[in-house]
Amino acid sequence: MGALLAMALNGAGPAAAAGRVVLDRLQPGVYVARAGNAEVARANAGEVVPTLVHVTGAGVLVVDPGPHLTWGNGLLAAIRAVTPEPVLWVVNTHAHPENVLANAALACLRPRPVFLASAATASLMRQRCEACLARLAEQLGPAVMRGTQIVLPDPALRHGDRLATGGTAWEVQVHAAAHSASDTVLYAPRRRLLCVGGLAYRERVPEMQEASLQGWRRALRALSVLPADVVVGTAVGTPAQMLAPTLAYLDALAAGIAGALAAGGDAARMPGPAAGKPYCRWRYFASRHPLNVQHAWRELEDLWMHGEPLA
Ligand SMILES: [Zn+2]
C-alpha cells in the first residue's frame, strides 16, 4: 500500500483551509478529496465529504462534490492540477447539503457535466435544497456559503444500472430508506472500489436523523458481500474499517432496543448497546449516540407493536 493511499485511508485529518482542496490518489486515476472525518460545524466549514474524483481517460467523474461553491472551486483547481480532461459526470449519492451543494461550481463548466442521482434523491433535492442551503448558511455563516446556488440532478440512476465512464463500468445500487431516504452506491468490481456516500462511517458514530435503522442494516449486509478493497463513504478505508464496524454498531443498537422492548423497558433505561465495545471511543459518541437510540427506538417500537421481526 503506497504512502498516499495509507494517508487517504487514515483520512481523519482536518480539512484543508477553505477553498484549498487536496486530492489523495487511491488508485491509478482515482482520487479522494481530503476532508474532515467530522460532523458539519463552523470549525470545519462543512468540508467533511471525501469527494471521489475518477479520471477515466474519457472525462472525469465526480461523486458528491461537497458543501459549497468555495469547496467546489477548490476541487476544480485540484482536478485541473492532475488532468486536463473535462468533468463529464457528477453523481449525488444522497440529498444531504454537505454532499451536494458544491454542484454549483461544476455547473459553471463548459461543456456542462451531467448531474445524476436516483429519482428519490433528485425529488428530495428539489423539495428541500432551498431550506438546506438556508440552514447551512445559518450554521456555517453566510460568508462560507456565498455564491452557492442550487443545481438539481437528473433523476437518472436506477438500481441495477451500469454507469459507463471511460474504461470503468460502475454498477449502480439504490438503497431506499437507509442512511437517508435514498442512498446511491457506485461499485467498480474490476477496481474492487465501492463508493457508498453516507452509508459507511469510520471511527465515528453514524448520523441517523433521516435514517431507517433496518433499511441501513439491510443495505450494509448487501454491500458487505461485494469483493472490495477500498470503500469511500464519510471517510475512506477498507471494508473491515468501514462497512463491518458501521453494521456492527447498527446491529448492536437494534439488539439493545429489541431486548429492552421485549423486557417492557423504556428508551431512557436502555443499556448502552456499545458498552465495552469500540464504539464508545468513536467520535461524537456522547452527543450522537443518545440521539440514535431515540431515533431507532421510535422505528423499532413501531415495528414491534405491529408484530414485525426486529432481527
Ligand atoms: Zn448524509
# chains A, B, ... in the order shown; residues from 1 in each chain; ligands from 1
$ select_by_dssp --residues "segment 159-241 of chain A" --states "helix (DSSP H, G or I)" --output "ChimeraX atom specification"
/A:189-191,197-199,213-224,239-241
$ closest_atom_pairs --of "chain A" --to "ligand 1" --cutoff "12 Å" --atoms "only C-alpha atoms and all ligand atoms" --output "tab-separated table"
residue	atom	partner	partner_atom_place_in_ligand_line	distance
A:Ala38	CA	ligand 1	1 (Zn)	11.7
A:Glu39	CA	ligand 1	1 (Zn)	9.9
A:Val40	CA	ligand 1	1 (Zn)	10.4
A:Val48	CA	ligand 1	1 (Zn)	10.3
A:Val49	CA	ligand 1	1 (Zn)	9.1
A:Pro50	CA	ligand 1	1 (Zn)	12.0
A:Asp64	CA	ligand 1	1 (Zn)	10.3
A:Gly66	CA	ligand 1	1 (Zn)	11.1
A:Pro67	CA	ligand 1	1 (Zn)	11.4
A:Asn92	CA	ligand 1	1 (Zn)	10.7
A:Thr93	CA	ligand 1	1 (Zn)	8.7
A:His94	CA	ligand 1	1 (Zn)	6.6
A:Ala95	CA	ligand 1	1 (Zn)	7.2
A:His96	CA	ligand 1	1 (Zn)	5.0
A:Pro97	CA	ligand 1	1 (Zn)	8.1
A:Glu98	CA	ligand 1	1 (Zn)	7.7
A:Asn99	CA	ligand 1	1 (Zn)	7.1
A:Val100	CA	ligand 1	1 (Zn)	9.9
A:Thr121	CA	ligand 1	1 (Zn)	11.5
A:Ala177	CA	ligand 1	1 (Zn)	11.8
A:Ala178	CA	ligand 1	1 (Zn)	10.1
A:His179	CA	ligand 1	1 (Zn)	6.6
A:Ser180	CA	ligand 1	1 (Zn)	6.5
A:Ala181	CA	ligand 1	1 (Zn)	9.9
A:Ser182	CA	ligand 1	1 (Zn)	10.0
A:Asp183	CA	ligand 1	1 (Zn)	8.6
A:Thr184	CA	ligand 1	1 (Zn)	11.1
A:Val196	CA	ligand 1	1 (Zn)	10.3
A:Gly197	CA	ligand 1	1 (Zn)	7.0
A:Gly198	CA	ligand 1	1 (Zn)	4.5
A:Leu199	CA	ligand 1	1 (Zn)	7.8
A:Ala200	CA	ligand 1	1 (Zn)	9.8
A:Tyr201	CA	ligand 1	1 (Zn)	10.4
A:Pro206	CA	ligand 1	1 (Zn)	9.2
A:Glu207	CA	ligand 1	1 (Zn)	7.3
A:Met208	CA	ligand 1	1 (Zn)	8.6
A:Gln209	CA	ligand 1	1 (Zn)	9.2
A:Glu210	CA	ligand 1	1 (Zn)	8.6
A:Ala211	CA	ligand 1	1 (Zn)	9.2
A:Gly233	CA	ligand 1	1 (Zn)	9.5
A:Thr234	CA	ligand 1	1 (Zn)	8.1
A:Ala235	CA	ligand 1	1 (Zn)	11.9
$ closest_residue --among "A:Arg110, A:Asp251, A:Gln214, A:Arg204" --to "Ser287 of chain A" --atoms "only C-alpha atoms"
A:Arg204
$ atom_distance --atom1 "atom CA of Ala33 of chain A" --atom2 "atom CA of Thr51 of chain A"
5.1 Å
$ select_by_dssp --residues "segment 181-295 of chain A" --states "strand (DSSP E or B)" --output "ChimeraX atom specification"
/A:182-188,193-195,204,230-232,236-237,283
$ atom_distance --atom1 "atom CA of Ala104 of chain A" --atom2 "atom CA of Arg191 of chain A"
29.3 Å
$ atom_distance --atom1 "atom CA of Glu203 of chain A" --atom2 "atom CA of Leu220 of chain A"
16.2 Å
$ residues_around --residues "Trp89 of chain A" --least-positions-apart "5" --cutoff "6 Å" --atoms "only C-alpha atoms" --output "ChimeraX atom specification"
/A:61,113-114
$ residues_around --residues "Thr83 of chain A" --least-positions-apart "5" --cutoff "10 Å" --atoms "only C-alpha atoms" --output "list in words"
Gly29, Val55, Gly57, Gly59, Val60 and Ala78 of chain A
$ closest_residue --among "A:Gly167, A:Pro239, A:Pro65, A:Pro86" --to "Val151 of chain A" --atoms "only C-alpha atoms"
A:Pro65
$ residues_around --residues "Phe285 of chain A" --least-positions-apart "4" --cutoff "6 Å" --atoms "only C-alpha atoms" --output "list in words"
Val205, Cys280 and His289 of chain A
$ residues_around --residues "Arg202 of chain A" --least-positions-apart "3" --cutoff "12 Å" --atoms "only C-alpha atoms" --output "PDB file with all heavy atoms, in the first residue's frame"
ATOM      1  N   LEU A   9      -6.375   6.535   3.537  1.00  0.00           N
ATOM      2  CA  LEU A   9      -7.154   5.583   4.317  1.00  0.00           C
ATOM      3  C   LEU A   9      -7.219   6.027   5.772  1.00  0.00           C
ATOM      4  O   LEU A   9      -8.201   5.813   6.453  1.00  0.00           O
ATOM      5  CB  LEU A   9      -6.554   4.178   4.204  1.00  0.00           C
ATOM      6  CG  LEU A   9      -6.642   3.549   2.816  1.00  0.00           C
ATOM      7  CD1 LEU A   9      -6.073   2.152   2.825  1.00  0.00           C
ATOM      8  CD2 LEU A   9      -8.066   3.515   2.307  1.00  0.00           C
ATOM      9  N   ASN A  10      -6.143   6.653   6.239  1.00  0.00           N
ATOM     10  CA  ASN A  10      -6.204   7.166   7.607  1.00  0.00           C
ATOM     11  C   ASN A  10      -7.200   8.310   7.679  1.00  0.00           C
ATOM     12  O   ASN A  10      -7.939   8.405   8.637  1.00  0.00           O
ATOM     13  CB  ASN A  10      -4.817   7.620   8.083  1.00  0.00           C
ATOM     14  CG  ASN A  10      -3.957   6.408   8.383  1.00  0.00           C
ATOM     15  OD1 ASN A  10      -4.484   5.379   8.762  1.00  0.00           O
ATOM     16  ND2 ASN A  10      -2.660   6.530   8.179  1.00  0.00           N
ATOM     17  N   GLY A  11      -7.157   9.134   6.643  1.00  0.00           N
ATOM     18  CA  GLY A  11      -8.183  10.126   6.321  1.00  0.00           C
ATOM     19  C   GLY A  11      -8.854  10.891   7.448  1.00  0.00           C
ATOM     20  O   GLY A  11      -9.934  11.415   7.250  1.00  0.00           O
ATOM     21  N   ALA A  12      -8.306  10.974   8.618  1.00  0.00           N
ATOM     22  CA  ALA A  12      -9.039  11.599   9.716  1.00  0.00           C
ATOM     23  C   ALA A  12      -8.580  13.023   9.977  1.00  0.00           C
ATOM     24  O   ALA A  12      -9.086  13.678  10.856  1.00  0.00           O
ATOM     25  CB  ALA A  12      -8.877  10.773  10.980  1.00  0.00           C
ATOM     26  N   GLY A  36     -12.501  16.492   6.549  1.00  0.00           N
ATOM     27  CA  GLY A  36     -12.559  16.143   7.960  1.00  0.00           C
ATOM     28  C   GLY A  36     -13.509  14.975   8.185  1.00  0.00           C
ATOM     29  O   GLY A  36     -14.588  14.929   7.602  1.00  0.00           O
ATOM     30  N   ASN A  37     -13.096  14.024   9.018  1.00  0.00           N
ATOM     31  CA  ASN A  37     -13.989  12.921   9.394  1.00  0.00           C
ATOM     32  C   ASN A  37     -14.805  13.412  10.592  1.00  0.00           C
ATOM     33  O   ASN A  37     -14.527  13.071  11.737  1.00  0.00           O
ATOM     34  CB  ASN A  37     -13.156  11.685   9.737  1.00  0.00           C
ATOM     35  CG  ASN A  37     -14.032  10.483  10.060  1.00  0.00           C
ATOM     36  OD1 ASN A  37     -15.252  10.537   9.906  1.00  0.00           O
ATOM     37  ND2 ASN A  37     -13.410   9.414  10.521  1.00  0.00           N
ATOM     38  N   ALA A  38     -15.797  14.250  10.291  1.00  0.00           N
ATOM     39  CA  ALA A  38     -16.457  15.019  11.350  1.00  0.00           C
ATOM     40  C   ALA A  38     -17.871  15.384  10.928  1.00  0.00           C
ATOM     41  O   ALA A  38     -18.226  15.304   9.753  1.00  0.00           O
ATOM     42  CB  ALA A  38     -15.662  16.303  11.613  1.00  0.00           C
ATOM     43  N   GLY A 198     -23.189   8.149   2.307  1.00  0.00           N
ATOM     44  CA  GLY A 198     -23.336   8.242   3.763  1.00  0.00           C
ATOM     45  C   GLY A 198     -23.539   6.908   4.456  1.00  0.00           C
ATOM     46  O   GLY A 198     -23.841   6.879   5.654  1.00  0.00           O
ATOM     47  N   LEU A 199     -23.365   5.801   3.730  1.00  0.00           N
ATOM     48  CA  LEU A 199     -23.722   4.503   4.327  1.00  0.00           C
ATOM     49  C   LEU A 199     -22.648   3.921   5.228  1.00  0.00           C
ATOM     50  O   LEU A 199     -22.925   2.980   5.975  1.00  0.00           O
ATOM     51  CB  LEU A 199     -24.042   3.487   3.210  1.00  0.00           C
ATOM     52  CG  LEU A 199     -25.362   3.718   2.470  1.00  0.00           C
ATOM     53  CD1 LEU A 199     -25.462   2.810   1.250  1.00  0.00           C
ATOM     54  CD2 LEU A 199     -26.543   3.487   3.403  1.00  0.00           C
ATOM     55  N   VAL A 205     -19.552   7.922  15.177  1.00  0.00           N
ATOM     56  CA  VAL A 205     -20.924   7.431  15.338  1.00  0.00           C
ATOM     57  C   VAL A 205     -21.772   7.936  14.166  1.00  0.00           C
ATOM     58  O   VAL A 205     -21.766   9.130  13.869  1.00  0.00           O
ATOM     59  CB  VAL A 205     -21.502   7.896  16.690  1.00  0.00           C
ATOM     60  CG1 VAL A 205     -22.965   7.477  16.812  1.00  0.00           C
ATOM     61  CG2 VAL A 205     -20.682   7.309  17.842  1.00  0.00           C
ATOM     62  N   PRO A 206     -22.468   7.033  13.485  1.00  0.00           N
ATOM     63  CA  PRO A 206     -23.246   7.433  12.304  1.00  0.00           C
ATOM     64  C   PRO A 206     -24.336   8.447  12.638  1.00  0.00           C
ATOM     65  O   PRO A 206     -24.894   8.447  13.728  1.00  0.00           O
ATOM     66  CB  PRO A 206     -23.885   6.115  11.844  1.00  0.00           C
ATOM     67  CG  PRO A 206     -23.071   5.040  12.442  1.00  0.00           C
ATOM     68  CD  PRO A 206     -22.520   5.584  13.721  1.00  0.00           C
ATOM     69  N   GLU A 207     -24.648   9.282  11.646  1.00  0.00           N
ATOM     70  CA  GLU A 207     -25.743  10.243  11.784  1.00  0.00           C
ATOM     71  C   GLU A 207     -27.018   9.602  11.241  1.00  0.00           C
ATOM     72  O   GLU A 207     -27.041   9.118  10.112  1.00  0.00           O
ATOM     73  CB  GLU A 207     -25.401  11.532  11.026  1.00  0.00           C
ATOM     74  CG  GLU A 207     -24.215  12.250  11.663  1.00  0.00           C
ATOM     75  CD  GLU A 207     -23.854  13.536  10.939  1.00  0.00           C
ATOM     76  OE1 GLU A 207     -24.675  14.450  10.909  1.00  0.00           O
ATOM     77  OE2 GLU A 207     -22.732  13.612  10.397  1.00  0.00           O
ATOM     78  N   VAL A 231     -13.271   1.361   0.352  1.00  0.00           N
ATOM     79  CA  VAL A 231     -14.613   1.920   0.491  1.00  0.00           C
ATOM     80  C   VAL A 231     -14.463   3.424   0.712  1.00  0.00           C
ATOM     81  O   VAL A 231     -13.731   3.863   1.605  1.00  0.00           O
ATOM     82  CB  VAL A 231     -15.355   1.300   1.693  1.00  0.00           C
ATOM     83  CG1 VAL A 231     -16.736   1.942   1.846  1.00  0.00           C
ATOM     84  CG2 VAL A 231     -15.464  -0.213   1.536  1.00  0.00           C
ATOM     85  N   VAL A 232     -15.150   4.194  -0.129  1.00  0.00           N
ATOM     86  CA  VAL A 232     -15.218   5.641   0.079  1.00  0.00           C
ATOM     87  C   VAL A 232     -16.628   5.949   0.584  1.00  0.00           C
ATOM     88  O   VAL A 232     -17.616   5.712  -0.113  1.00  0.00           O
ATOM     89  CB  VAL A 232     -14.938   6.417  -1.233  1.00  0.00           C
ATOM     90  CG1 VAL A 232     -15.055   7.920  -1.001  1.00  0.00           C
ATOM     91  CG2 VAL A 232     -13.558   6.064  -1.773  1.00  0.00           C
ATOM     92  N   GLY A 233     -16.707   6.418   1.818  1.00  0.00           N
ATOM     93  CA  GLY A 233     -18.010   6.773   2.400  1.00  0.00           C
ATOM     94  C   GLY A 233     -17.888   8.142   3.038  1.00  0.00           C
ATOM     95  O   GLY A 233     -17.477   9.093   2.380  1.00  0.00           O
ATOM     96  N   THR A 234     -18.177   8.248   4.337  1.00  0.00           N
ATOM     97  CA  THR A 234     -17.952   9.524   5.019  1.00  0.00           C
ATOM     98  C   THR A 234     -16.485   9.674   5.396  1.00  0.00           C
ATOM     99  O   THR A 234     -16.069  10.715   5.905  1.00  0.00           O
ATOM    100  CB  THR A 234     -18.811   9.632   6.288  1.00  0.00           C
ATOM    101  OG1 THR A 234     -18.430   8.583   7.175  1.00  0.00           O
ATOM    102  CG2 THR A 234     -20.288   9.490   5.964  1.00  0.00           C
ATOM    103  N   ALA A 235     -15.717   8.609   5.195  1.00  0.00           N
ATOM    104  CA  ALA A 235     -14.253   8.614   5.297  1.00  0.00           C
ATOM    105  C   ALA A 235     -13.801   7.590   4.269  1.00  0.00           C
ATOM    106  O   ALA A 235     -14.605   7.136   3.455  1.00  0.00           O
ATOM    107  CB  ALA A 235     -13.811   8.249   6.710  1.00  0.00           C
ATOM    108  N   VAL A 236     -12.539   7.225   4.304  1.00  0.00           N
ATOM    109  CA  VAL A 236     -12.016   6.240   3.352  1.00  0.00           C
ATOM    110  C   VAL A 236     -11.359   5.126   4.148  1.00  0.00           C
ATOM    111  O   VAL A 236     -10.681   5.384   5.147  1.00  0.00           O
ATOM    112  CB  VAL A 236     -10.971   6.891   2.414  1.00  0.00           C
ATOM    113  CG1 VAL A 236     -10.489   5.896   1.365  1.00  0.00           C
ATOM    114  CG2 VAL A 236     -11.556   8.122   1.739  1.00  0.00           C
ATOM    115  N   GLY A 237     -11.560   3.885   3.710  1.00  0.00           N
ATOM    116  CA  GLY A 237     -10.919   2.772   4.408  1.00  0.00           C
ATOM    117  C   GLY A 237     -11.195   1.467   3.694  1.00  0.00           C
ATOM    118  O   GLY A 237     -11.759   1.453   2.594  1.00  0.00           O
ATOM    119  N   THR A 238     -10.805   0.389   4.339  1.00  0.00           N
ATOM    120  CA  THR A 238     -11.117  -0.934   3.805  1.00  0.00           C
ATOM    121  C   THR A 238     -12.538  -1.307   4.245  1.00  0.00           C
ATOM    122  O   THR A 238     -13.105  -0.672   5.145  1.00  0.00           O
ATOM    123  CB  THR A 238     -10.128  -1.968   4.375  1.00  0.00           C
ATOM    124  OG1 THR A 238     -10.312  -2.004   5.801  1.00  0.00           O
ATOM    125  CG2 THR A 238      -8.681  -1.598   4.068  1.00  0.00           C
ATOM    126  N   PRO A 239     -13.110  -2.348   3.641  1.00  0.00           N
ATOM    127  CA  PRO A 239     -14.421  -2.806   4.129  1.00  0.00           C
ATOM    128  C   PRO A 239     -14.407  -3.123   5.627  1.00  0.00           C
ATOM    129  O   PRO A 239     -15.373  -2.829   6.337  1.00  0.00           O
ATOM    130  CB  PRO A 239     -14.686  -4.057   3.281  1.00  0.00           C
ATOM    131  CG  PRO A 239     -13.959  -3.794   1.999  1.00  0.00           C
ATOM    132  CD  PRO A 239     -12.697  -3.069   2.410  1.00  0.00           C
ATOM    133  N   ALA A 240     -13.294  -3.689   6.109  1.00  0.00           N
ATOM    134  CA  ALA A 240     -13.211  -4.042   7.536  1.00  0.00           C
ATOM    135  C   ALA A 240     -13.165  -2.797   8.423  1.00  0.00           C
ATOM    136  O   ALA A 240     -13.526  -2.851   9.598  1.00  0.00           O
ATOM    137  CB  ALA A 240     -11.979  -4.907   7.786  1.00  0.00           C
ATOM    138  N   GLN A 241     -12.695  -1.682   7.858  1.00  0.00           N
ATOM    139  CA  GLN A 241     -12.633  -0.436   8.633  1.00  0.00           C
ATOM    140  C   GLN A 241     -13.907   0.388   8.522  1.00  0.00           C
ATOM    141  O   GLN A 241     -14.141   1.285   9.329  1.00  0.00           O
ATOM    142  CB  GLN A 241     -11.446   0.418   8.159  1.00  0.00           C
ATOM    143  CG  GLN A 241     -10.094  -0.172   8.509  1.00  0.00           C
ATOM    144  CD  GLN A 241      -8.963   0.482   7.738  1.00  0.00           C
ATOM    145  OE1 GLN A 241      -9.131   0.889   6.583  1.00  0.00           O
ATOM    146  NE2 GLN A 241      -7.806   0.592   8.366  1.00  0.00           N
ATOM    147  N   MET A 242     -14.700   0.128   7.483  1.00  0.00           N
ATOM    148  CA  MET A 242     -15.851   0.994   7.188  1.00  0.00           C
ATOM    149  C   MET A 242     -17.181   0.240   7.302  1.00  0.00           C
ATOM    150  O   MET A 242     -18.035   0.601   8.101  1.00  0.00           O
ATOM    151  CB  MET A 242     -15.723   1.542   5.755  1.00  0.00           C
ATOM    152  CG  MET A 242     -14.475   2.360   5.483  1.00  0.00           C
ATOM    153  SD  MET A 242     -14.554   4.053   6.053  1.00  0.00           S
ATOM    154  CE  MET A 242     -15.903   4.704   5.076  1.00  0.00           C
ATOM    155  N   LEU A 243     -17.353  -0.793   6.473  1.00  0.00           N
ATOM    156  CA  LEU A 243     -18.657  -1.457   6.405  1.00  0.00           C
ATOM    157  C   LEU A 243     -18.930  -2.270   7.659  1.00  0.00           C
ATOM    158  O   LEU A 243     -20.008  -2.175   8.266  1.00  0.00           O
ATOM    159  CB  LEU A 243     -18.717  -2.382   5.172  1.00  0.00           C
ATOM    160  CG  LEU A 243     -18.514  -1.735   3.805  1.00  0.00           C
ATOM    161  CD1 LEU A 243     -18.553  -2.800   2.708  1.00  0.00           C
ATOM    162  CD2 LEU A 243     -19.573  -0.677   3.530  1.00  0.00           C
ATOM    163  N   ALA A 244     -17.939  -3.090   8.053  1.00  0.00           N
ATOM    164  CA  ALA A 244     -18.167  -4.017   9.171  1.00  0.00           C
ATOM    165  C   ALA A 244     -18.451  -3.279  10.476  1.00  0.00           C
ATOM    166  O   ALA A 244     -19.428  -3.596  11.168  1.00  0.00           O
ATOM    167  CB  ALA A 244     -16.976  -4.971   9.304  1.00  0.00           C
ATOM    168  N   PRO A 245     -17.652  -2.269  10.848  1.00  0.00           N
ATOM    169  CA  PRO A 245     -17.958  -1.603  12.117  1.00  0.00           C
ATOM    170  C   PRO A 245     -19.248  -0.798  12.101  1.00  0.00           C
ATOM    171  O   PRO A 245     -19.951  -0.733  13.107  1.00  0.00           O
ATOM    172  CB  PRO A 245     -16.748  -0.687  12.356  1.00  0.00           C
ATOM    173  CG  PRO A 245     -15.854  -0.811  11.189  1.00  0.00           C
ATOM    174  CD  PRO A 245     -16.369  -1.865  10.279  1.00  0.00           C
ATOM    175  N   THR A 246     -19.582  -0.173  10.949  1.00  0.00           N
ATOM    176  CA  THR A 246     -20.850   0.563  10.886  1.00  0.00           C
ATOM    177  C   THR A 246     -22.017  -0.399  11.082  1.00  0.00           C
ATOM    178  O   THR A 246     -22.953  -0.124  11.845  1.00  0.00           O
ATOM    179  CB  THR A 246     -20.990   1.317   9.546  1.00  0.00           C
ATOM    180  OG1 THR A 246     -19.834   2.133   9.347  1.00  0.00           O
ATOM    181  CG2 THR A 246     -22.214   2.215   9.533  1.00  0.00           C
ATOM    182  N   LEU A 247     -21.939  -1.556  10.402  1.00  0.00           N
ATOM    183  CA  LEU A 247     -23.010  -2.557  10.554  1.00  0.00           C
ATOM    184  C   LEU A 247     -23.042  -3.096  11.984  1.00  0.00           C
ATOM    185  O   LEU A 247     -24.123  -3.277  12.558  1.00  0.00           O
ATOM    186  CB  LEU A 247     -22.807  -3.694   9.534  1.00  0.00           C
ATOM    187  CG  LEU A 247     -23.829  -4.824   9.591  1.00  0.00           C
ATOM    188  CD1 LEU A 247     -25.259  -4.311   9.437  1.00  0.00           C
ATOM    189  CD2 LEU A 247     -23.533  -5.877   8.520  1.00  0.00           C
ATOM    190  N   ALA A 248     -21.868  -3.329  12.567  1.00  0.00           N
ATOM    191  CA  ALA A 248     -21.832  -3.858  13.938  1.00  0.00           C
ATOM    192  C   ALA A 248     -22.483  -2.872  14.908  1.00  0.00           C
ATOM    193  O   ALA A 248     -23.223  -3.269  15.816  1.00  0.00           O
ATOM    194  CB  ALA A 248     -20.386  -4.144  14.344  1.00  0.00           C
ATOM    195  N   TYR A 249     -22.217  -1.582  14.710  1.00  0.00           N
ATOM    196  CA  TYR A 249     -22.840  -0.562  15.569  1.00  0.00           C
ATOM    197  C   TYR A 249     -24.362  -0.597  15.423  1.00  0.00           C
ATOM    198  O   TYR A 249     -25.097  -0.599  16.412  1.00  0.00           O
ATOM    199  CB  TYR A 249     -22.298   0.828  15.213  1.00  0.00           C
ATOM    200  CG  TYR A 249     -23.038   1.951  15.903  1.00  0.00           C
ATOM    201  CD1 TYR A 249     -22.726   2.319  17.206  1.00  0.00           C
ATOM    202  CD2 TYR A 249     -24.083   2.621  15.266  1.00  0.00           C
ATOM    203  CE1 TYR A 249     -23.431   3.332  17.859  1.00  0.00           C
ATOM    204  CE2 TYR A 249     -24.789   3.628  15.903  1.00  0.00           C
ATOM    205  CZ  TYR A 249     -24.460   3.985  17.198  1.00  0.00           C
ATOM    206  OH  TYR A 249     -25.172   4.972  17.836  1.00  0.00           O
ATOM    207  N   PRO A 278     -15.833  -0.960  20.895  1.00  0.00           N
ATOM    208  CA  PRO A 278     -15.039   0.167  20.413  1.00  0.00           C
ATOM    209  C   PRO A 278     -15.866   1.418  20.137  1.00  0.00           C
ATOM    210  O   PRO A 278     -15.333   2.521  20.150  1.00  0.00           O
ATOM    211  CB  PRO A 278     -14.411  -0.358  19.114  1.00  0.00           C
ATOM    212  CG  PRO A 278     -15.120  -1.602  18.775  1.00  0.00           C
ATOM    213  CD  PRO A 278     -15.725  -2.134  20.028  1.00  0.00           C
ATOM    214  N   TYR A 279     -17.179   1.259  19.926  1.00  0.00           N
ATOM    215  CA  TYR A 279     -17.980   2.431  19.534  1.00  0.00           C
ATOM    216  C   TYR A 279     -17.923   3.546  20.570  1.00  0.00           C
ATOM    217  O   TYR A 279     -18.088   4.711  20.243  1.00  0.00           O
ATOM    218  CB  TYR A 279     -19.452   2.080  19.314  1.00  0.00           C
ATOM    219  CG  TYR A 279     -19.681   0.689  18.832  1.00  0.00           C
ATOM    220  CD1 TYR A 279     -20.429  -0.202  19.578  1.00  0.00           C
ATOM    221  CD2 TYR A 279     -19.129   0.261  17.624  1.00  0.00           C
ATOM    222  CE1 TYR A 279     -20.632  -1.498  19.132  1.00  0.00           C
ATOM    223  CE2 TYR A 279     -19.333  -1.027  17.187  1.00  0.00           C
ATOM    224  CZ  TYR A 279     -20.075  -1.910  17.944  1.00  0.00           C
ATOM    225  OH  TYR A 279     -20.269  -3.178  17.515  1.00  0.00           O
ATOM    226  N   ARG A 281     -15.572   4.737  21.961  1.00  0.00           N
ATOM    227  CA  ARG A 281     -14.415   5.616  21.722  1.00  0.00           C
ATOM    228  C   ARG A 281     -14.544   6.356  20.388  1.00  0.00           C
ATOM    229  O   ARG A 281     -13.694   7.166  20.051  1.00  0.00           O
ATOM    230  CB  ARG A 281     -13.114   4.797  21.727  1.00  0.00           C
ATOM    231  CG  ARG A 281     -12.788   4.176  23.083  1.00  0.00           C
ATOM    232  CD  ARG A 281     -11.354   3.659  23.134  1.00  0.00           C
ATOM    233  NE  ARG A 281     -11.117   2.603  22.155  1.00  0.00           N
ATOM    234  CZ  ARG A 281     -11.385   1.306  22.375  1.00  0.00           C
ATOM    235  NH1 ARG A 281     -11.866   0.924  23.531  1.00  0.00           N
ATOM    236  NH2 ARG A 281     -11.163   0.401  21.451  1.00  0.00           N
ATOM    237  N   TRP A 282     -15.606   6.067  19.656  1.00  0.00           N
ATOM    238  CA  TRP A 282     -15.788   6.766  18.378  1.00  0.00           C
ATOM    239  C   TRP A 282     -16.137   8.230  18.619  1.00  0.00           C
ATOM    240  O   TRP A 282     -16.730   8.582  19.645  1.00  0.00           O
ATOM    241  CB  TRP A 282     -16.922   6.118  17.580  1.00  0.00           C
ATOM    242  CG  TRP A 282     -16.581   4.794  16.971  1.00  0.00           C
ATOM    243  CD1 TRP A 282     -15.392   4.123  17.057  1.00  0.00           C
ATOM    244  CD2 TRP A 282     -17.460   3.974  16.199  1.00  0.00           C
ATOM    245  NE1 TRP A 282     -15.482   2.934  16.371  1.00  0.00           N
ATOM    246  CE2 TRP A 282     -16.725   2.816  15.832  1.00  0.00           C
ATOM    247  CE3 TRP A 282     -18.777   4.088  15.776  1.00  0.00           C
ATOM    248  CZ2 TRP A 282     -17.289   1.797  15.061  1.00  0.00           C
ATOM    249  CZ3 TRP A 282     -19.332   3.085  15.009  1.00  0.00           C
ATOM    250  CH2 TRP A 282     -18.589   1.956  14.652  1.00  0.00           C
ATOM    251  N   ARG A 283     -15.807   9.032  17.625  1.00  0.00           N
ATOM    252  CA  ARG A 283     -16.153  10.450  17.723  1.00  0.00           C
ATOM    253  C   ARG A 283     -17.652  10.657  17.871  1.00  0.00           C
ATOM    254  O   ARG A 283     -18.421   9.957  17.237  1.00  0.00           O
ATOM    255  CB  ARG A 283     -15.734  11.154  16.436  1.00  0.00           C
ATOM    256  CG  ARG A 283     -14.293  11.561  16.451  1.00  0.00           C
ATOM    257  CD  ARG A 283     -13.876  11.844  15.045  1.00  0.00           C
ATOM    258  NE  ARG A 283     -12.664  11.079  14.861  1.00  0.00           N
ATOM    259  CZ  ARG A 283     -11.760  11.362  13.973  1.00  0.00           C
ATOM    260  NH1 ARG A 283     -11.957  12.325  13.119  1.00  0.00           N
ATOM    261  NH2 ARG A 283     -10.671  10.659  13.920  1.00  0.00           N
ATOM    262  N   TYR A 284     -18.020  11.628  18.654  1.00  0.00           N
ATOM    263  CA  TYR A 284     -19.411  12.053  18.862  1.00  0.00           C
ATOM    264  C   TYR A 284     -20.244  11.014  19.612  1.00  0.00           C
ATOM    265  O   TYR A 284     -21.466  11.073  19.582  1.00  0.00           O
ATOM    266  CB  TYR A 284     -20.105  12.407  17.525  1.00  0.00           C
ATOM    267  CG  TYR A 284     -19.350  13.417  16.702  1.00  0.00           C
ATOM    268  CD1 TYR A 284     -18.583  13.023  15.613  1.00  0.00           C
ATOM    269  CD2 TYR A 284     -19.390  14.769  17.019  1.00  0.00           C
ATOM    270  CE1 TYR A 284     -17.874  13.946  14.865  1.00  0.00           C
ATOM    271  CE2 TYR A 284     -18.691  15.700  16.267  1.00  0.00           C
ATOM    272  CZ  TYR A 284     -17.931  15.276  15.191  1.00  0.00           C
ATOM    273  OH  TYR A 284     -17.241  16.192  14.449  1.00  0.00           O
TER     274      TYR A 284
END
